[in-house]
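Here is the structure we will look at.
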Amino acid sequence: MLFCLGAGKYESKGAGYQKHYQVFNVQLEKEEWEKVKASMPVIKIPLTKWIDKKDMTDDEKEDSNVWKDIGGYLKRNSYEEAWAIWWNEAKQSDKDKILNCGYFNAEIFKGITGIDVKTTPSLIGKEVKVELDGKKYTAKIIS
């Protein structure tokens, strides 16, 4: 499964739940799934981050009882916060690998990550079929 979502946010059932060879809830043949998987960036969402005592807010110091002893604390990010951090720090080329996946679904992506992307598909580098004056052409978009 790559970017698949079950029936509900925390439900373990539905179209995208635990099915082999799916991308954005679309069932693929194994070879196609492996091709898509290989094209995706490495994603390591930061679920935790060390916050040094000099960088802690007064509220963080009040909420943590060990920061004085260990010189800071380990901040836990929610799943959606971690995704937002990864997305904001990711290279555009890594974002494009996800957004330009032929199976990309913005609604499913938002359901998984909490990130709302408004996408206009890019045609750059794509081949398109055009019919002009009754003749059919294939064109590659270069810019």
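Numbering starts fresh at 1 for the residues of each chain in the structure tokens, the chains themselves are lettered A, B, ... in the order given, and ligands are numbered from 1 as they appear.
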
All alpha helix (DSSP H) positions in chain A, as a count of residues only: 47

Residues of segment 68-133 of chain A that approach segment 39-61 of chain A to 10 Å or less, counting only C-alpha atoms: could you list each one with the shortest pair of atoms and its distance in Å to one decimal, rows by chain and increasing residue number, as JSON lines?
```
{"residue": "A:Lys68", "atom": "CA", "partner": "A:Lys53", "partner_atom": "CA", "distance": 7.6}
{"residue": "A:Ile70", "atom": "CA", "partner": "A:Lys53", "partner_atom": "CA", "distance": 8.7}
{"residue": "A:Gly71", "atom": "CA", "partner": "A:Lys53", "partner_atom": "CA", "distance": 5.3}
{"residue": "A:Gly72", "atom": "CA", "partner": "A:Lys53", "partner_atom": "CA", "distance": 4.2}
{"residue": "A:Tyr73", "atom": "CA", "partner": "A:Ile51", "partner_atom": "CA", "distance": 5.5}
{"residue": "A:Leu74", "atom": "CA", "partner": "A:Trp50", "partner_atom": "CA", "distance": 4.6}
{"residue": "A:Lys75", "atom": "CA", "partner": "A:Lys49", "partner_atom": "CA", "distance": 5.2}
{"residue": "A:Arg76", "atom": "CA", "partner": "A:Thr48", "partner_atom": "CA", "distance": 4.5}
{"residue": "A:Asn77", "atom": "CA", "partner": "A:Leu47", "partner_atom": "CA", "distance": 4.9}
{"residue": "A:Ser78", "atom": "CA", "partner": "A:Leu47", "partner_atom": "CA", "distance": 6.7}
{"residue": "A:Tyr79", "atom": "CA", "partner": "A:Leu47", "partner_atom": "CA", "distance": 6.7}
{"residue": "A:Glu80", "atom": "CA", "partner": "A:Leu47", "partner_atom": "CA", "distance": 9.3}
{"residue": "A:Glu81", "atom": "CA", "partner": "A:Leu47", "partner_atom": "CA", "distance": 8.1}
{"residue": "A:Ala82", "atom": "CA", "partner": "A:Pro46", "partner_atom": "CA", "distance": 5.1}
{"residue": "A:Trp83", "atom": "CA", "partner": "A:Ile45", "partner_atom": "CA", "distance": 5.8}
{"residue": "A:Ala84", "atom": "CA", "partner": "A:Ile45", "partner_atom": "CA", "distance": 8.7}
{"residue": "A:Ile85", "atom": "CA", "partner": "A:Pro46", "partner_atom": "CA", "distance": 7.3}
{"residue": "A:Trp86", "atom": "CA", "partner": "A:Ile45", "partner_atom": "CA", "distance": 5.6}
{"residue": "A:Trp87", "atom": "CA", "partner": "A:Ile45", "partner_atom": "CA", "distance": 8.9}
{"residue": "A:Ala90", "atom": "CA", "partner": "A:Ile43", "partner_atom": "CA", "distance": 9.1}
{"residue": "A:Lys91", "atom": "CA", "partner": "A:Pro41", "partner_atom": "CA", "distance": 9.9}
{"residue": "A:Ser93", "atom": "CA", "partner": "A:Pro41", "partner_atom": "CA", "distance": 8.8}
{"residue": "A:Asp94", "atom": "CA", "partner": "A:Pro41", "partner_atom": "CA", "distance": 5.5}
{"residue": "A:Lys95", "atom": "CA", "partner": "A:Pro41", "partner_atom": "CA", "distance": 8.1}
{"residue": "A:Asp96", "atom": "CA", "partner": "A:Met40", "partner_atom": "CA", "distance": 9.4}
{"residue": "A:Lys97", "atom": "CA", "partner": "A:Met40", "partner_atom": "CA", "distance": 5.8}
{"residue": "A:Ile98", "atom": "CA", "partner": "A:Met40", "partner_atom": "CA", "distance": 6.4}
{"residue": "A:Cys101", "atom": "CA", "partner": "A:Met40", "partner_atom": "CA", "distance": 8.4}
```

Any chance you could list, as an mmCIF file with C-alpha atoms, in the first residue's frame, the residues in segment 77-135 of chain A that come up strand (DSSP E or B) when DSSP is run on the backbone?
```cif
data_model
loop_
_atom_site.group_PDB
_atom_site.id
_atom_site.type_symbol
_atom_site.label_atom_id
_atom_site.label_comp_id
_atom_site.auth_asym_id
_atom_site.auth_seq_id
_atom_site.Cartn_x
_atom_site.Cartn_y
_atom_site.Cartn_z
ATOM 1 C CA GLU A 127 2.900 13.047 -24.234
ATOM 2 C CA VAL A 128 -0.584 14.121 -25.242
ATOM 3 C CA LYS A 129 -2.768 13.054 -28.114
ATOM 4 C CA VAL A 130 -4.223 15.874 -30.152
ATOM 5 C CA GLU A 131 -6.721 15.842 -32.993
ATOM 6 C CA LEU A 132 -6.502 18.818 -35.332
ATOM 7 C CA LYS A 135 -5.709 14.349 -38.125
#
```

Neighbour list for Val23 of chain A as a PyMOL selection string, cut-off 9 Å, only C-alpha atoms, skip fewer than 4 positions in-chain: chain A and resi 1-4+16+27-28+33+36-37+103-104

Can you spit out the residues from that selection as a PDB file, in the first residue's frame, using N, CA and C atoms?
```
ATOM      1  N   MET A   1       0.833  -1.173   0.000  1.00  0.00           N
ATOM      2  CA  MET A   1       0.000   0.000   0.000  1.00  0.00           C
ATOM      3  C   MET A   1       0.880   1.239   0.000  1.00  0.00           C
ATOM      4  N   LEU A   2       0.545   2.151  -0.839  1.00  0.00           N
ATOM      5  CA  LEU A   2       1.179   3.460  -0.846  1.00  0.00           C
ATOM      6  C   LEU A   2       0.069   4.494  -0.819  1.00  0.00           C
ATOM      7  N   PHE A   3       0.047   5.314   0.215  1.00  0.00           N
ATOM      8  CA  PHE A   3      -0.950   6.360   0.344  1.00  0.00           C
ATOM      9  C   PHE A   3      -2.369   5.817   0.166  1.00  0.00           C
ATOM     10  N   CYS A   4      -2.733   4.862   0.985  1.00  0.00           N
ATOM     11  CA  CYS A   4      -4.072   4.295   0.943  1.00  0.00           C
ATOM     12  C   CYS A   4      -4.800   4.621   2.233  1.00  0.00           C
ATOM     13  N   GLY A  16      -9.242   1.156   0.869  1.00  0.00           N
ATOM     14  CA  GLY A  16      -7.788   1.231   0.877  1.00  0.00           C
ATOM     15  C   GLY A  16      -7.123   0.534   2.030  1.00  0.00           C
ATOM     16  N   GLN A  27      -6.062  -0.326  -7.201  1.00  0.00           N
ATOM     17  CA  GLN A  27      -5.413  -1.633  -7.277  1.00  0.00           C
ATOM     18  C   GLN A  27      -4.556  -1.708  -8.533  1.00  0.00           C
ATOM     19  N   LEU A  28      -3.292  -2.122  -8.367  1.00  0.00           N
ATOM     20  CA  LEU A  28      -2.358  -2.231  -9.486  1.00  0.00           C
ATOM     21  C   LEU A  28      -1.795  -3.640  -9.563  1.00  0.00           C
ATOM     22  N   TRP A  33       2.966  -1.483  -9.383  1.00  0.00           N
ATOM     23  CA  TRP A  33       3.079  -1.001  -8.009  1.00  0.00           C
ATOM     24  C   TRP A  33       4.550  -0.799  -7.639  1.00  0.00           C
ATOM     25  N   VAL A  36       5.896   2.339  -9.276  1.00  0.00           N
ATOM     26  CA  VAL A  36       5.449   3.548  -8.574  1.00  0.00           C
ATOM     27  C   VAL A  36       6.207   3.694  -7.257  1.00  0.00           C
ATOM     28  N   LYS A  37       6.343   2.607  -6.518  1.00  0.00           N
ATOM     29  CA  LYS A  37       7.042   2.646  -5.227  1.00  0.00           C
ATOM     30  C   LYS A  37       8.477   3.131  -5.408  1.00  0.00           C
ATOM     31  N   TYR A 103      -1.477   8.205 -10.064  1.00  0.00           N
ATOM     32  CA  TYR A 103      -2.624   7.763  -9.266  1.00  0.00           C
ATOM     33  C   TYR A 103      -2.944   8.736  -8.136  1.00  0.00           C
ATOM     34  N   PHE A 104      -2.258   9.888  -8.105  1.00  0.00           N
ATOM     35  CA  PHE A 104      -2.412  10.839  -7.008  1.00  0.00           C
ATOM     36  C   PHE A 104      -3.870  11.230  -6.814  1.00  0.00           C
TER      37      PHE A 104
END
```
